[in-house]
>>> print(open('start25.cif').read())   # mmCIF, C-alpha atoms and all ligand atoms
data_entry
#
loop_
_atom_site.label_atom_id
_atom_site.label_comp_id
_atom_site.auth_asym_id
_atom_site.auth_seq_id
_atom_site.Cartn_x
_atom_site.Cartn_y
_atom_site.Cartn_z
CA MET X 30 -63.89 189.29 83.63
CA GLU X 31 -60.55 190.86 84.47
CA ARG X 32 -58.35 192.20 81.73
CA ILE X 33 -55.70 189.76 80.53
CA GLU X 34 -52.09 190.93 80.66
CA TYR X 35 -50.04 189.79 77.71
CA GLU X 36 -46.78 190.30 75.92
CA LEU X 37 -47.20 191.62 72.39
CA ILE X 38 -44.89 190.71 69.55
CA ARG X 39 -45.43 192.49 66.27
CA SER X 40 -44.00 191.08 63.07
CA PRO X 41 -44.69 191.03 59.34
CA ARG X 42 -47.52 188.48 59.53
CA ARG X 43 -51.15 188.51 58.41
CA THR X 44 -52.97 187.01 61.33
CA MET X 45 -52.98 187.19 65.09
CA SER X 46 -52.26 184.33 67.41
CA VAL X 47 -52.14 183.79 71.13
CA GLU X 48 -50.25 181.24 73.17
CA VAL X 49 -49.84 180.47 76.83
CA ASP X 50 -46.37 179.39 77.87
CA THR X 51 -45.51 176.78 80.46
CA ASN X 52 -45.42 179.41 83.21
CA GLY X 53 -48.84 180.79 82.34
CA GLY X 54 -47.50 183.85 80.50
CA VAL X 55 -49.63 185.05 77.59
CA LEU X 56 -47.96 185.88 74.29
CA VAL X 57 -49.85 187.57 71.47
CA ARG X 58 -48.41 187.76 67.97
CA ALA X 59 -49.86 190.38 65.67
CA PRO X 60 -49.22 192.02 62.29
CA ARG X 61 -46.92 195.02 62.49
CA PHE X 62 -49.67 197.61 61.97
CA ALA X 63 -52.65 195.96 63.65
CA PRO X 64 -54.44 198.62 65.74
CA ARG X 65 -54.37 198.15 69.48
CA TRP X 66 -58.19 197.92 69.74
CA GLN X 67 -58.19 195.01 67.30
CA ILE X 68 -55.57 193.18 69.35
CA GLU X 69 -57.52 193.85 72.56
CA ALA X 70 -60.69 192.51 70.93
CA PHE X 71 -58.82 189.41 69.74
CA VAL X 72 -57.55 188.70 73.25
CA LYS X 73 -60.96 189.37 74.81
CA GLU X 74 -62.63 186.94 72.42
CA ARG X 75 -60.20 184.25 73.49
CA ALA X 76 -60.28 185.06 77.19
CA GLU X 77 -61.98 181.81 78.09
CA TRP X 78 -59.43 179.70 76.20
CA ILE X 79 -56.54 181.72 77.68
CA ASN X 80 -57.82 181.38 81.24
CA ARG X 81 -58.34 177.67 80.76
CA ALA X 82 -54.79 177.25 79.43
CA ARG X 83 -53.38 179.22 82.37
CA GLU X 84 -55.36 177.13 84.81
CA ARG X 85 -53.95 173.98 83.19
CA GLN X 86 -50.39 175.27 83.48
CA ALA X 87 -50.94 176.29 87.12
CA LYS X 88 -52.19 172.79 87.97
CA ARG X 89 -49.32 171.20 86.09
CA LEU X 90 -46.85 173.27 88.13
CA GLN X 91 -48.61 172.18 91.32
CA ASN X 92 -48.45 168.57 90.18
CA LEU X 93 -52.22 168.23 89.91
CA PRO X 94 -52.71 167.06 86.35
CA ASP X 95 -55.98 168.16 84.87
CA ILE X 96 -56.64 165.97 81.87
CA ARG X 97 -59.75 166.57 79.86
CA GLU X 98 -60.57 165.08 76.49
CA GLU X 99 -61.33 168.55 75.11
CA ASP X 100 -57.75 169.61 75.84
CA LYS X 101 -56.34 166.97 73.52
CA PRO X 102 -55.40 169.40 70.69
CA TYR X 103 -53.55 171.55 73.19
CA TYR X 104 -51.57 168.67 74.69
CA VAL X 105 -50.82 167.05 71.32
CA LYS X 106 -49.33 170.35 70.21
CA GLN X 107 -47.30 170.55 73.40
CA ALA X 108 -46.10 166.97 72.93
CA LYS X 109 -44.92 167.66 69.38
CA ALA X 110 -43.19 170.85 70.47
CA VAL X 111 -41.48 169.49 73.57
CA LEU X 112 -40.76 165.77 73.12
CA PRO X 113 -38.42 165.77 70.08
CA GLY X 114 -35.91 168.01 71.88
CA LYS X 115 -36.02 165.96 75.07
CA ILE X 116 -35.62 162.71 73.14
CA ARG X 117 -32.68 164.08 71.18
CA ARG X 118 -30.96 165.34 74.33
CA TYR X 119 -31.41 162.22 76.43
CA ALA X 120 -30.75 159.82 73.55
CA ALA X 121 -27.40 161.52 72.95
CA CYS X 122 -26.40 161.25 76.59
CA MET X 123 -27.58 157.62 76.84
CA GLY X 124 -25.94 156.57 73.58
CA VAL X 125 -29.14 155.13 72.08
CA GLU X 126 -30.91 155.83 68.82
CA PRO X 127 -34.71 155.88 68.67
CA ALA X 128 -36.31 155.10 65.31
CA GLY X 129 -39.12 157.64 65.54
CA LEU X 130 -41.80 159.27 67.65
CA THR X 131 -45.57 158.85 67.76
CA VAL X 132 -47.98 160.78 69.95
CA THR X 133 -50.86 158.56 71.05
CA SER X 134 -54.05 158.85 73.08
CA ALA X 135 -53.19 155.89 75.27
CA ARG X 136 -54.93 155.92 78.64
CA THR X 137 -53.21 153.00 80.30
CA ARG X 138 -49.58 153.82 79.58
CA PHE X 139 -47.68 157.06 79.26
CA GLY X 140 -45.11 155.68 76.87
CA SER X 141 -43.88 152.64 75.02
CA CYS X 142 -40.99 151.48 72.92
CA SER X 143 -41.58 149.09 70.02
CA GLY X 144 -39.36 146.19 69.04
CA GLN X 145 -38.07 148.43 66.25
CA ASN X 146 -37.23 151.14 68.83
CA ARG X 147 -40.02 153.43 67.81
CA LEU X 148 -41.14 155.53 70.78
CA SER X 149 -44.74 156.40 71.59
CA PHE X 150 -45.97 158.85 74.19
CA SER X 151 -49.49 159.64 75.25
CA TRP X 152 -50.49 163.28 74.98
CA ARG X 153 -51.89 162.86 78.51
CA LEU X 154 -48.33 162.79 79.83
CA MET X 155 -48.01 166.47 78.92
CA ALA X 156 -50.31 167.39 81.82
CA TYR X 157 -47.60 166.27 84.25
CA PRO X 158 -44.61 168.21 85.63
CA GLU X 159 -41.46 168.28 83.56
CA ALA X 160 -39.63 165.98 86.02
CA ALA X 161 -42.19 163.26 85.29
CA ILE X 162 -42.16 163.83 81.53
CA ASP X 163 -38.38 163.52 81.49
CA TYR X 164 -38.58 160.27 83.44
CA VAL X 165 -40.95 158.67 80.92
CA VAL X 166 -38.71 159.81 78.05
CA VAL X 167 -35.65 158.27 79.72
CA HIS X 168 -37.61 155.10 80.61
CA GLU X 169 -38.61 154.51 76.99
CA LEU X 170 -35.14 155.34 75.68
CA ALA X 171 -33.69 152.83 78.15
CA HIS X 172 -35.90 150.16 76.52
CA ILE X 173 -33.87 150.55 73.35
CA ARG X 174 -31.05 148.85 75.24
CA TYR X 175 -33.11 146.66 77.61
CA LYS X 176 -36.42 145.18 76.48
CA ASP X 177 -37.38 144.39 80.06
CA HIS X 178 -37.68 145.97 83.50
CA SER X 179 -34.60 144.29 84.89
CA ARG X 180 -32.22 145.64 87.50
CA ALA X 181 -29.83 146.59 84.71
CA PHE X 182 -32.61 148.53 83.02
CA TYR X 183 -33.26 150.62 86.16
CA ALA X 184 -29.53 151.03 86.81
CA PHE X 185 -29.27 152.49 83.31
CA ILE X 186 -32.10 154.94 84.10
CA GLU X 187 -30.49 155.83 87.42
CA SER X 188 -27.22 156.69 85.69
CA VAL X 189 -29.12 159.40 83.81
CA LEU X 190 -31.70 160.43 86.44
CA PRO X 191 -30.38 159.63 89.94
CA ASP X 192 -33.71 160.80 91.43
CA TYR X 193 -35.84 158.66 89.13
CA LYS X 194 -37.76 157.06 92.03
CA GLU X 195 -39.12 160.43 93.11
CA ARG X 196 -40.14 161.07 89.55
CA ILE X 197 -42.03 157.78 89.40
CA ARG X 198 -43.96 158.83 92.49
CA ILE X 199 -45.34 161.82 90.59
CA LEU X 200 -46.84 159.45 88.02
CA GLN X 201 -47.87 156.66 90.35
CA GLY X 202 -51.39 155.52 90.90
CA ARG X 203 -52.45 156.72 87.49
CA GLN X 204 -50.73 155.04 84.57
CA GLU X 205 -47.53 153.20 83.91
CA ALA X 206 -44.79 153.53 81.37
ZN ZN X 301 -41.16 150.04 80.52
#
>>> encode(input="start25.cif", output="structure tokens")
Amino acid sequence: MERIEYELIRSPRRTMSVEVDTNGGVLVRAPRFAPRWQIEAFVKERAEWINRARERQAKRLQNLPDIREEDKPYYVKQAKAVLPGKIRRYAACMGVEPAGLTVTSARTRFGSCSGQNRLSFSWRLMAYPEAAIDYVVVHELAHIRYKDHSRAFYAFIESVLPDYKERIRILQGRQEA
């Protein structure tokens, strides 16, 4: 197996951690005085996980979602890291106020909005490109104002994402929001 390139960040912490960012870059966090061999061993031990995560990101960037049940913890973590910021940003620009966020395992729909304006998103959505994720976020936020799929509902979406139809195409044939 080839050696894994990574960026190392040392800080006053006790344990080591590794993460793969959305571009496939590997980031290792380590205690300030951890010897290099120990860090190398840590990365080597996790090589399989790292390569799998990079593969997932590569497919996501190519718009070929690769959703496996075993990746659920990874995508749930992504969802919790990424969705609150997107919701906050789009809600502010749409002038709507969601009541909360739930990450689900739904297979048949990427997102939903309850009668009480609570938003739910499936962790499976996180395997898709950002353009598609943003569309589902805007779609569910638009339901706070329109509890239907009327023309007015889509006009509201279009005012935020003029290219929303292209974004729908990325998701099509799989699940619906
Ligand atoms: Zn809808």
>>> residues_around(input="start25.cif", residues="X:Gln107", least_positions_apart="5", cutoff="12 Å", atoms="all atoms listed in the file", output="list in words")
Glu48, Val49, Asp50, Thr51, Ala82, Gln86, Asp100, Lys101, Pro102, Leu112, Pro113, Gly114, Val132, Phe150, Ser151, Trp152, Arg153, Leu154, Met155, Ala156, Tyr157, Glu159 and Ile162 of chain X
>>> atom_distance(input="start25.cif", atom1="atom CA of X:Arg83", atom2="atom CA of X:Ala135")
24.4 Å
>>> residues_near_ligand(input="start25.cif", ligand="ligand ZN 301 (chain X)", cutoff="8 Å", atoms="all atoms listed in the file", output="list in words")
Gly140, Ser141, Cys142, His168, Glu169, His172, Lys176, Asp177, His178, Glu205 and Ala206 of chain X
>>> closest_residue(input="start25.cif", among="X:Arg180, X:Tyr175, X:Tyr164, X:Pro127", to="X:Asp192", atoms="only C-alpha atoms")
X:Tyr164
>>> closest_residue(input="start25.cif", among="X:Pro94, X:Gly53, X:Gly129, X:Gly124", to="X:Phe185", atoms="only C-alpha atoms")
X:Gly124
